[in-house]
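The data block below is coords26.csv; it holds CSV, C-alpha atoms.
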```csv
chain,number,residue,atom,x,y,z
K,1,MET,CA,-46.3,13.9,34.2
K,2,LEU,CA,-44.9,16.1,37.0
K,3,GLN,CA,-42.4,13.4,37.8
K,4,GLU,CA,-41.2,13.3,34.3
K,5,ALA,CA,-40.8,17.0,34.2
K,6,GLN,CA,-38.8,16.9,37.4
K,7,VAL,CA,-36.6,14.2,36.0
K,8,ALA,CA,-36.0,16.2,32.8
K,9,ALA,CA,-35.2,19.3,34.8
K,10,GLY,CA,-32.8,17.4,36.9
K,11,GLY,CA,-30.8,16.6,33.8
K,12,VAL,CA,-30.3,20.3,33.1
K,13,SER,CA,-27.2,21.7,34.7
K,14,GLY,CA,-26.2,25.3,35.3
K,15,ALA,CA,-23.8,25.3,32.4
K,16,ASP,CA,-26.6,24.3,30.0
K,17,LEU,CA,-28.7,27.2,31.3
K,18,VAL,CA,-25.9,29.6,30.6
K,19,GLN,CA,-25.6,28.2,27.1
K,20,VAL,CA,-29.3,28.7,26.5
K,21,ALA,CA,-29.2,32.2,27.9
K,22,LYS,CA,-26.2,33.0,25.6
K,23,PHE,CA,-28.0,31.8,22.5
K,24,LEU,CA,-31.2,33.5,23.4
K,25,ALA,CA,-29.5,36.8,24.2
K,26,ALA,CA,-27.5,36.7,21.0
K,27,GLY,CA,-30.6,36.1,18.9
K,28,LEU,CA,-32.6,38.7,20.7
K,29,CYS,CA,-29.8,41.3,20.5
K,30,MET,CA,-29.4,40.9,16.8
K,31,GLY,CA,-33.2,40.8,16.1
K,32,ILE,CA,-34.1,43.8,18.2
K,33,GLY,CA,-30.9,45.6,17.4
K,34,SER,CA,-31.6,45.6,13.6
K,35,LEU,CA,-35.2,46.9,13.9
K,36,GLY,CA,-34.1,50.5,14.3
K,37,PRO,CA,-31.4,50.5,11.5
K,38,GLY,CA,-34.0,48.8,9.2
K,39,ILE,CA,-36.5,51.6,9.7
K,40,GLY,CA,-33.7,54.2,9.4
K,41,ILE,CA,-32.3,52.8,6.1
K,42,GLY,CA,-35.8,52.6,4.8
K,43,ASN,CA,-36.2,56.3,5.5
K,44,VAL,CA,-32.9,57.2,4.0
K,45,VAL,CA,-33.5,55.4,0.8
K,46,ALA,CA,-37.1,56.6,0.5
K,47,HIS,CA,-36.0,60.2,0.8
K,48,ALA,CA,-33.1,59.7,-1.6
K,49,LEU,CA,-35.6,58.2,-4.1
K,50,ASP,CA,-38.0,61.1,-3.6
K,51,SER,CA,-35.3,63.6,-4.3
K,52,THR,CA,-34.0,61.6,-7.3
K,53,ALA,CA,-37.5,61.6,-8.8
K,54,ARG,CA,-37.8,65.3,-8.3
K,55,GLN,CA,-34.3,66.1,-9.6
K,56,PRO,CA,-33.0,63.3,-11.8
K,57,GLU,CA,-29.8,65.2,-12.6
K,58,MET,CA,-28.7,65.0,-9.0
K,59,ARG,CA,-28.6,61.3,-9.1
K,60,GLY,CA,-24.8,60.8,-8.7
K,61,PRO,CA,-24.2,63.0,-5.7
K,62,LEU,CA,-27.4,61.8,-4.0
K,63,PHE,CA,-26.4,58.2,-4.4
K,64,SER,CA,-23.0,58.6,-2.7
K,65,THR,CA,-24.6,60.7,0.1
K,66,MET,CA,-27.3,58.0,0.5
K,67,ILE,CA,-24.6,55.3,0.8
K,68,ILE,CA,-22.8,57.4,3.5
K,69,GLY,CA,-26.1,57.9,5.3
K,70,CYS,CA,-27.0,54.2,5.1
K,71,ALA,CA,-23.6,53.3,6.5
K,72,PHE,CA,-24.0,55.7,9.5
K,73,VAL,CA,-27.5,54.4,10.2
K,74,GLU,CA,-26.2,50.8,10.0
K,75,THR,CA,-23.7,51.5,12.8
K,76,THR,CA,-26.1,50.6,15.6
K,77,ALA,CA,-26.7,47.2,13.9
K,78,ILE,CA,-23.0,46.7,13.8
K,79,TYR,CA,-22.8,47.3,17.5
K,80,ALA,CA,-25.6,44.7,18.0
K,81,LEU,CA,-23.6,42.3,15.9
K,82,LEU,CA,-20.5,43.0,18.0
K,83,VAL,CA,-22.5,42.3,21.2
K,84,SER,CA,-23.9,39.1,19.7
K,85,ILE,CA,-20.5,37.8,18.7
K,86,ILE,CA,-19.1,38.6,22.1
K,87,LEU,CA,-22.0,36.7,23.7
K,88,LEU,CA,-21.6,33.7,21.4
K,89,PHE,CA,-17.9,33.3,21.2
K,90,VAL,CA,-16.2,35.3,23.9
K,91,ALA,CA,-18.5,35.2,27.0
K,92,LYS,CA,-17.9,32.2,29.2
X,1,MET,CA,-24.5,18.0,5.7
X,2,ARG,CA,-24.5,17.7,9.5
X,3,GLU,CA,-20.7,17.3,9.4
X,4,GLN,CA,-20.3,20.3,7.3
X,5,LEU,CA,-22.4,22.5,9.6
X,6,GLY,CA,-20.5,21.1,12.6
X,7,LYS,CA,-17.2,21.9,10.9
X,8,LEU,CA,-18.5,25.4,10.1
X,9,LEU,CA,-19.5,26.1,13.7
X,10,GLU,CA,-16.2,24.7,14.9
X,11,HIS,CA,-14.4,27.0,12.5
X,12,LEU,CA,-16.4,30.0,13.7
X,13,GLY,CA,-15.5,29.5,17.3
X,14,GLN,CA,-11.8,29.1,17.1
X,15,LYS,CA,-9.1,30.2,14.8
X,16,GLU,CA,-5.9,28.4,13.9
X,17,VAL,CA,-3.5,30.5,15.9
X,18,ALA,CA,0.3,30.3,15.6
X,19,THR,CA,2.6,32.1,17.9
X,20,TRP,CA,5.6,34.0,16.6
X,21,HIS,CA,8.4,35.1,18.8
X,22,ILE,CA,9.9,38.3,17.5
X,23,GLY,CA,12.4,39.9,19.7
X,24,GLY,CA,11.0,38.6,23.0
X,25,LEU,CA,7.5,39.5,22.0
X,26,ALA,CA,5.0,36.7,21.6
X,27,ILE,CA,2.7,37.6,18.7
X,28,GLN,CA,-0.3,35.5,18.0
X,29,VAL,CA,-1.2,35.3,14.3
X,30,ASP,CA,-3.6,33.4,12.1
X,31,PRO,CA,-1.5,32.0,9.2
X,32,LYS,CA,-4.5,31.5,7.0
X,33,THR,CA,-5.5,35.2,7.1
X,34,ILE,CA,-1.9,36.2,6.3
X,35,VAL,CA,-1.7,33.9,3.3
X,36,LEU,CA,-5.1,35.0,2.1
X,37,SER,CA,-4.4,38.7,2.4
X,38,GLY,CA,-1.1,38.0,0.6
X,39,ILE,CA,-3.0,36.4,-2.2
X,40,ALA,CA,-5.3,39.5,-2.4
X,41,SER,CA,-2.3,41.8,-2.6
X,42,ILE,CA,-0.8,39.6,-5.4
X,43,LEU,CA,-4.1,39.8,-7.3
X,44,VAL,CA,-4.0,43.6,-7.2
X,45,LEU,CA,-0.3,43.5,-8.2
X,46,VAL,CA,-1.1,41.2,-11.1
X,47,LEU,CA,-3.9,43.6,-12.2
X,48,ALA,CA,-1.4,46.5,-12.1
X,49,LEU,CA,1.2,44.6,-14.1
X,50,PHE,CA,-1.4,43.5,-16.7
X,51,LEU,CA,-2.6,47.1,-17.1
X,52,ARG,CA,1.0,48.3,-17.5
X,53,ARG,CA,1.5,45.8,-20.3
X,54,ALA,CA,-1.9,46.4,-22.0
X,55,LEU,CA,-1.6,50.2,-21.9
X,56,ARG,CA,1.9,50.3,-23.5
X,57,GLN,CA,1.1,51.8,-26.9
X,58,PRO,CA,2.2,54.8,-29.0
X,59,ILE,CA,0.3,57.9,-28.0
X,60,GLU,CA,-0.9,58.8,-31.4
X,61,GLU,CA,-2.7,55.5,-32.0
X,62,LYS,CA,-6.4,55.4,-31.0
X,63,PRO,CA,-7.0,54.0,-27.5
X,64,ASN,CA,-7.3,50.2,-27.2
X,65,ARG,CA,-10.1,48.4,-25.3
X,66,THR,CA,-8.2,48.2,-22.0
X,67,GLN,CA,-7.7,51.9,-22.1
X,68,GLY,CA,-11.4,52.4,-22.7
X,69,ALA,CA,-12.4,50.2,-19.8
X,70,LEU,CA,-9.9,51.8,-17.5
X,71,ASP,CA,-11.2,55.3,-18.5
X,72,ILE,CA,-14.7,54.2,-17.5
X,73,ALA,CA,-13.5,52.8,-14.2
X,74,MET,CA,-11.4,55.9,-13.4
X,75,ASP,CA,-14.4,58.1,-14.3
X,76,LEU,CA,-16.6,56.2,-11.9
X,77,LEU,CA,-13.9,56.4,-9.2
X,78,ASP,CA,-13.5,60.1,-9.7
X,79,SER,CA,-17.2,61.0,-9.7
X,80,GLN,CA,-18.4,58.6,-7.0
X,81,LEU,CA,-15.5,58.5,-4.5
X,82,LEU,CA,-13.0,61.3,-5.0
X,83,GLY,CA,-15.7,63.8,-6.0
X,84,ASN,CA,-16.8,63.8,-2.4
X,85,PHE,CA,-13.7,65.7,-1.2
X,86,SER,CA,-14.8,69.3,-0.5
X,87,SER,CA,-11.5,70.9,-1.4
X,88,PRO,CA,-10.7,70.9,-5.1
X,89,GLY,CA,-7.6,69.1,-6.2
X,90,PHE,CA,-7.4,67.1,-3.0
X,91,GLY,CA,-9.1,64.1,-4.6
X,92,ALA,CA,-6.3,63.7,-7.2
X,93,ARG,CA,-3.8,63.7,-4.4
X,94,MET,CA,-5.7,61.0,-2.5
X,95,LEU,CA,-6.2,58.8,-5.5
X,96,PRO,CA,-3.4,56.4,-4.8
X,97,PHE,CA,-4.5,55.7,-1.2
X,98,ILE,CA,-8.2,55.6,-1.9
X,99,GLY,CA,-7.8,53.5,-5.1
X,100,THR,CA,-5.5,51.0,-3.5
X,101,LEU,CA,-7.8,50.6,-0.5
X,102,PHE,CA,-10.8,50.0,-2.8
X,103,LEU,CA,-9.0,47.5,-5.0
X,104,TYR,CA,-7.5,45.6,-2.1
X,105,ILE,CA,-10.8,45.3,-0.3
X,106,LEU,CA,-12.5,44.4,-3.6
X,107,ALA,CA,-9.9,41.7,-4.3
X,108,SER,CA,-10.3,40.4,-0.7
X,109,ASN,CA,-14.0,40.2,-0.9
X,110,TRP,CA,-14.0,38.5,-4.3
X,111,LEU,CA,-11.4,36.0,-3.1
X,112,SER,CA,-14.3,34.0,-1.6
X,113,LEU,CA,-15.5,33.3,-5.2
X,114,LEU,CA,-12.5,31.1,-5.9
X,115,PRO,CA,-12.9,27.5,-4.7
X,116,GLY,CA,-11.1,26.6,-1.5
X,117,LEU,CA,-10.4,30.2,-0.6
X,118,GLU,CA,-12.1,32.6,1.8
X,119,ALA,CA,-12.2,36.3,2.0
X,120,PRO,CA,-9.5,37.6,4.4
X,121,THR,CA,-11.9,40.4,5.3
X,122,ALA,CA,-14.0,37.8,7.1
X,123,ASP,CA,-11.3,38.1,9.9
X,124,PRO,CA,-12.0,41.1,12.2
X,125,ASN,CA,-8.3,41.7,12.6
X,126,VAL,CA,-7.8,42.6,9.0
X,127,THR,CA,-10.7,45.0,8.8
X,128,ILE,CA,-9.9,46.6,12.2
X,129,GLY,CA,-6.3,47.0,10.9
X,130,LEU,CA,-7.6,48.8,7.8
X,131,ALA,CA,-9.9,51.0,9.9
X,132,LEU,CA,-7.0,51.9,12.2
X,133,MET,CA,-4.9,52.8,9.1
X,134,VAL,CA,-7.7,55.1,8.0
X,135,LEU,CA,-7.9,56.7,11.5
X,136,VAL,CA,-4.1,57.4,11.4
X,137,MET,CA,-4.4,58.9,7.9
X,138,SER,CA,-7.3,61.1,8.8
X,139,HIS,CA,-5.4,62.5,11.8
X,140,TYR,CA,-2.3,63.0,9.7
X,141,PHE,CA,-4.3,65.1,7.2
X,142,LEU,CA,-6.0,66.9,10.1
X,143,VAL,CA,-2.6,68.0,11.4
X,144,ARG,CA,-1.3,68.7,7.9
X,145,THR,CA,-4.2,71.1,7.1
X,146,LYS,CA,-5.0,72.7,10.5
X,147,GLY,CA,-1.8,72.1,12.5
X,148,LEU,CA,-1.5,70.8,16.0
X,149,ARG,CA,-3.7,73.7,17.2
X,150,GLY,CA,-6.5,72.4,15.0
X,151,LEU,CA,-6.0,68.9,16.4
X,152,GLY,CA,-6.4,70.3,19.9
X,153,LYS,CA,-9.4,72.3,18.9
X,154,GLU,CA,-11.0,69.3,17.4
X,155,TYR,CA,-10.9,67.4,20.7
X,156,PHE,CA,-10.9,70.0,23.4
X,157,SER,CA,-12.8,72.9,21.9
X,158,PRO,CA,-15.6,72.7,24.4
X,159,TRP,CA,-13.6,71.0,27.1
X,160,TRP,CA,-16.6,69.2,28.7
X,161,LEU,CA,-17.4,67.4,25.5
X,162,SER,CA,-13.9,66.0,25.1
X,163,PRO,CA,-14.4,62.6,26.8
X,164,ILE,CA,-17.4,61.9,24.5
X,165,LYS,CA,-15.4,63.2,21.5
X,166,ILE,CA,-12.4,61.1,22.2
X,167,LEU,CA,-14.5,58.0,22.8
X,168,SER,CA,-16.6,58.4,19.7
X,169,GLU,CA,-13.7,59.5,17.3
X,170,LEU,CA,-10.9,57.3,18.5
X,171,VAL,CA,-12.7,54.2,19.7
X,172,ALA,CA,-16.2,53.9,18.3
X,173,ARG,CA,-15.3,55.2,14.8
X,174,PRO,CA,-12.6,52.6,13.8
X,175,LEU,CA,-14.6,49.9,15.6
X,176,SER,CA,-17.8,50.5,13.6
X,177,HIS,CA,-15.8,51.2,10.4
X,178,GLY,CA,-13.9,47.9,10.7
X,179,PHE,CA,-16.8,45.8,12.0
X,180,ARG,CA,-19.1,47.0,9.3
X,181,LEU,CA,-16.9,45.3,6.6
X,182,PHE,CA,-16.2,42.3,8.8
X,183,GLY,CA,-19.9,41.8,9.7
X,184,ASN,CA,-21.1,41.9,6.1
X,185,VAL,CA,-18.4,39.7,4.7
X,186,PHE,CA,-18.7,37.2,7.6
X,187,ALA,CA,-22.5,37.1,7.3
X,188,GLU,CA,-22.2,36.4,3.6
X,189,PHE,CA,-19.7,33.6,4.3
X,190,VAL,CA,-22.0,32.0,6.9
X,191,LEU,CA,-25.0,32.3,4.7
X,192,VAL,CA,-23.3,30.8,1.6
X,193,THR,CA,-21.8,28.0,3.5
X,194,ILE,CA,-25.1,27.0,5.2
X,195,PHE,CA,-26.9,27.2,1.9
X,196,LEU,CA,-24.2,25.1,0.2
X,197,ALA,CA,-24.5,22.5,2.9
X,198,LYS,CA,-28.3,22.5,3.0
X,199,LEU,CA,-29.3,22.7,-0.7
X,200,GLU,CA,-28.3,20.6,-3.6
X,201,PRO,CA,-25.4,22.5,-5.2
X,202,PHE,CA,-26.9,23.1,-8.6
X,203,VAL,CA,-28.7,26.4,-9.4
X,204,VAL,CA,-29.1,28.1,-6.1
X,205,PRO,CA,-25.5,28.4,-5.1
X,206,ILE,CA,-24.6,30.0,-8.4
X,207,GLY,CA,-27.2,32.7,-7.9
X,208,LEU,CA,-26.1,33.1,-4.3
X,209,ARG,CA,-22.5,33.4,-5.3
X,210,ALA,CA,-23.5,36.0,-7.9
X,211,ILE,CA,-25.6,38.1,-5.6
X,212,PHE,CA,-23.6,37.8,-2.3
X,213,GLY,CA,-20.1,37.3,-3.7
X,214,ILE,CA,-19.9,39.7,-6.5
X,215,GLY,CA,-22.7,42.2,-5.7
X,216,PHE,CA,-22.3,42.6,-1.9
X,217,GLY,CA,-18.6,42.3,-2.1
X,218,PHE,CA,-18.5,45.3,-4.5
X,219,ILE,CA,-21.0,47.3,-2.4
X,220,GLN,CA,-19.1,46.6,0.9
X,221,ALA,CA,-15.8,47.6,-0.7
X,222,PHE,CA,-17.4,50.8,-2.0
X,223,VAL,CA,-19.0,51.6,1.4
X,224,PHE,CA,-15.7,51.1,3.3
X,225,THR,CA,-13.9,53.4,0.8
X,226,ILE,CA,-16.6,56.1,0.7
X,227,LEU,CA,-16.6,56.2,4.5
X,228,THR,CA,-12.8,56.6,4.4
X,229,VAL,CA,-13.4,59.5,2.0
X,230,ALA,CA,-16.0,61.0,4.4
X,231,TYR,CA,-13.7,60.6,7.5
X,232,ILE,CA,-10.7,62.2,5.8
X,233,ASN,CA,-13.0,64.9,4.4
X,234,LEU,CA,-14.3,65.7,7.9
X,235,ALA,CA,-10.7,66.0,9.0
X,236,ILE,CA,-9.6,68.5,6.4
X,237,GLU,CA,-12.8,70.5,6.2
X,238,LYS,CA,-12.6,74.1,7.2
X,239,HIS,CA,-15.5,75.4,9.3
```

Kindly present the structure from the file in structure tokens form.
Amino acid sequence: MLQEAQVAAGGVSGADLVQVAKFLAAGLCMGIGSLGPGIGIGNVVAHALDSTARQPEMRGPLFSTMIIGCAFVETTAIYALLVSIILLFVAK
Amino acid sequence: MREQLGKLLEHLGQKEVATWHIGGLAIQVDPKTIVLSGIASILVLVLALFLRRALRQPIEEKPNRTQGALDIAMDLLDSQLLGNFSSPGFGARMLPFIGTLFLYILASNWLSLLPGLEAPTADPNVTIGLALMVLVMSHYFLVRTKGLRGLGKEYFSPWWLSPIKILSELVARPLSHGFRLFGNVFAEFVLVTIFLAKLEPFVVPIGLRAIFGIGFGFIQAFVFTILTVAYINLAIEKH
């Protein structure tokens, strides 16, 4: 058992490990990086819905303001995507 | 299926790059992106020519169907996008720029619906270019409304904040603006391709195309344009 594991580990080179680390890091970066924006967009939409329910005549302006807010909240997820893309395709 | 996925991954990693030599400068371009954005521009042009032909009618007749549809579209554009400008009358002045930007991005996003074509906005160079254009426009209007003094005040008003301000407004803003569009279109492209390769292409791809292609394409074009409006509005706002 131990021997087999050692043989298997012997087949793994440093380049493979780098590859594994790149994929892991990119996945983790995207997953953790989109947690915050997810919560944030949930908050934005929830409050926009609240206000729309209270004042239905404000629907139009609230909608466009909500979209702008969503876009700003999304920015951190975009940065996470940027880092993931750099890790996957640019980093050697 | 495997081959398709392999091809997709290969495509993601590298682009077909051609090198043009213009006046001693070596410029690397992606011919596919250039052709695709040209097709998107031609689509917008065709729409304009069609509207010009369809709207040619005597003024005393009652409006035809195209006129009605265009009125609804213009009403939406006016209330949802141009209505966000704080100074009155500025929206009408910005209509050509904002409307063209919106139509071009919409045509680009919807290009992926046609078989054999891809959205040119799935290339970061296109979206970053658009974002840089918006950056230049917003600074132009900043100087137009507040003068060079206003530009200096914008960046150096508390001097110790200026590095952060320069970094966030000149670097991070166009980057996030462009990459937002690119990321969403690109993710849609990857998702649809993987689903098409994985699933039997009967019912599911149609729904996927409908939701991602038409719906998200429209929303992303809208978001890019409304952010443009917000940035230009921030530049011209008096405080």

A straight line from CA of Lys62 (chain X) to CA of Leu77 (chain X) spans 23.1 Å

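Take CA of Gln80 (chain X) and CA of Arg59 (chain K): the distance between them is 10.8 Å.
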
Counting only C-alpha atoms, closest pick from X:His21, X:Lys165, X:Arg180, X:Arg52 relative to chain K is X:Arg180

Can you tell me which residues surround Thr19 (chain X) at a distance of at most 7 Å, considering only C-alpha atoms, apart from same-chain residues fewer than 2 positions away, and format the answer as number ranges by chain? X: 17, 21, 26-29

Write out as a PDB file with C-alpha atoms, in the coordinates of the input which residues come within 8 Å of Val44 (chain K) when counting all atoms listed in the file, dropping same-chain ones fewer than 3 positions away.
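And here's around.pdb as it stands now:
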```pdb
ATOM      1  CA  GLY K  40     -33.700  54.200   9.400  1.00  0.00           C
ATOM      2  CA  ILE K  41     -32.300  52.800   6.100  1.00  0.00           C
ATOM      3  CA  HIS K  47     -36.000  60.200   0.800  1.00  0.00           C
ATOM      4  CA  ALA K  48     -33.100  59.700  -1.600  1.00  0.00           C
ATOM      5  CA  MET K  66     -27.300  58.000   0.500  1.00  0.00           C
ATOM      6  CA  GLY K  69     -26.100  57.900   5.300  1.00  0.00           C
ATOM      7  CA  CYS K  70     -27.000  54.200   5.100  1.00  0.00           C
TER       8      CYS K  70
END
```

Worksheet item: Near Ile232 (chain X), counting all atoms listed in the file, which residues have an atom at most 12 Å away, once you skip same-chain residues fewer than 2 positions from it, shown as a ChimeraX atom specification?
Response: /X:81-82,84-87,90-91,94,97-98,131,133-145,225-230,234-237

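Using all atoms listed in the file, the nearest neighbour of chain K within the list X:Val185, X:Met74, X:Leu175, X:Leu103 is X:Leu175.
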
**Asked** Residues of chain X within 10 Å of chain K, using only C-alpha atoms, as number ranges by chain?
**Response** X: 12-14, 76, 79-81, 83-84, 172-173, 175-184, 219-220, 222-224, 226-227, 229-230

Put those residues in a file: C-alpha atoms, as a PDB file, in the coordinates of the input.
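Printed below is again20.pdb as written:
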```pdb
ATOM      1  CA  LEU X  12     -16.400  30.000  13.700  1.00  0.00           C
ATOM      2  CA  GLY X  13     -15.500  29.500  17.300  1.00  0.00           C
ATOM      3  CA  GLN X  14     -11.800  29.100  17.100  1.00  0.00           C
ATOM      4  CA  LEU X  76     -16.600  56.200 -11.900  1.00  0.00           C
ATOM      5  CA  SER X  79     -17.200  61.000  -9.700  1.00  0.00           C
ATOM      6  CA  GLN X  80     -18.400  58.600  -7.000  1.00  0.00           C
ATOM      7  CA  LEU X  81     -15.500  58.500  -4.500  1.00  0.00           C
ATOM      8  CA  GLY X  83     -15.700  63.800  -6.000  1.00  0.00           C
ATOM      9  CA  ASN X  84     -16.800  63.800  -2.400  1.00  0.00           C
ATOM     10  CA  ALA X 172     -16.200  53.900  18.300  1.00  0.00           C
ATOM     11  CA  ARG X 173     -15.300  55.200  14.800  1.00  0.00           C
ATOM     12  CA  LEU X 175     -14.600  49.900  15.600  1.00  0.00           C
ATOM     13  CA  SER X 176     -17.800  50.500  13.600  1.00  0.00           C
ATOM     14  CA  HIS X 177     -15.800  51.200  10.400  1.00  0.00           C
ATOM     15  CA  GLY X 178     -13.900  47.900  10.700  1.00  0.00           C
ATOM     16  CA  PHE X 179     -16.800  45.800  12.000  1.00  0.00           C
ATOM     17  CA  ARG X 180     -19.100  47.000   9.300  1.00  0.00           C
ATOM     18  CA  LEU X 181     -16.900  45.300   6.600  1.00  0.00           C
ATOM     19  CA  PHE X 182     -16.200  42.300   8.800  1.00  0.00           C
ATOM     20  CA  GLY X 183     -19.900  41.800   9.700  1.00  0.00           C
ATOM     21  CA  ASN X 184     -21.100  41.900   6.100  1.00  0.00           C
ATOM     22  CA  ILE X 219     -21.000  47.300  -2.400  1.00  0.00           C
ATOM     23  CA  GLN X 220     -19.100  46.600   0.900  1.00  0.00           C
ATOM     24  CA  PHE X 222     -17.400  50.800  -2.000  1.00  0.00           C
ATOM     25  CA  VAL X 223     -19.000  51.600   1.400  1.00  0.00           C
ATOM     26  CA  PHE X 224     -15.700  51.100   3.300  1.00  0.00           C
ATOM     27  CA  ILE X 226     -16.600  56.100   0.700  1.00  0.00           C
ATOM     28  CA  LEU X 227     -16.600  56.200   4.500  1.00  0.00           C
ATOM     29  CA  VAL X 229     -13.400  59.500   2.000  1.00  0.00           C
ATOM     30  CA  ALA X 230     -16.000  61.000   4.400  1.00  0.00           C
TER      31      ALA X 230
END
```
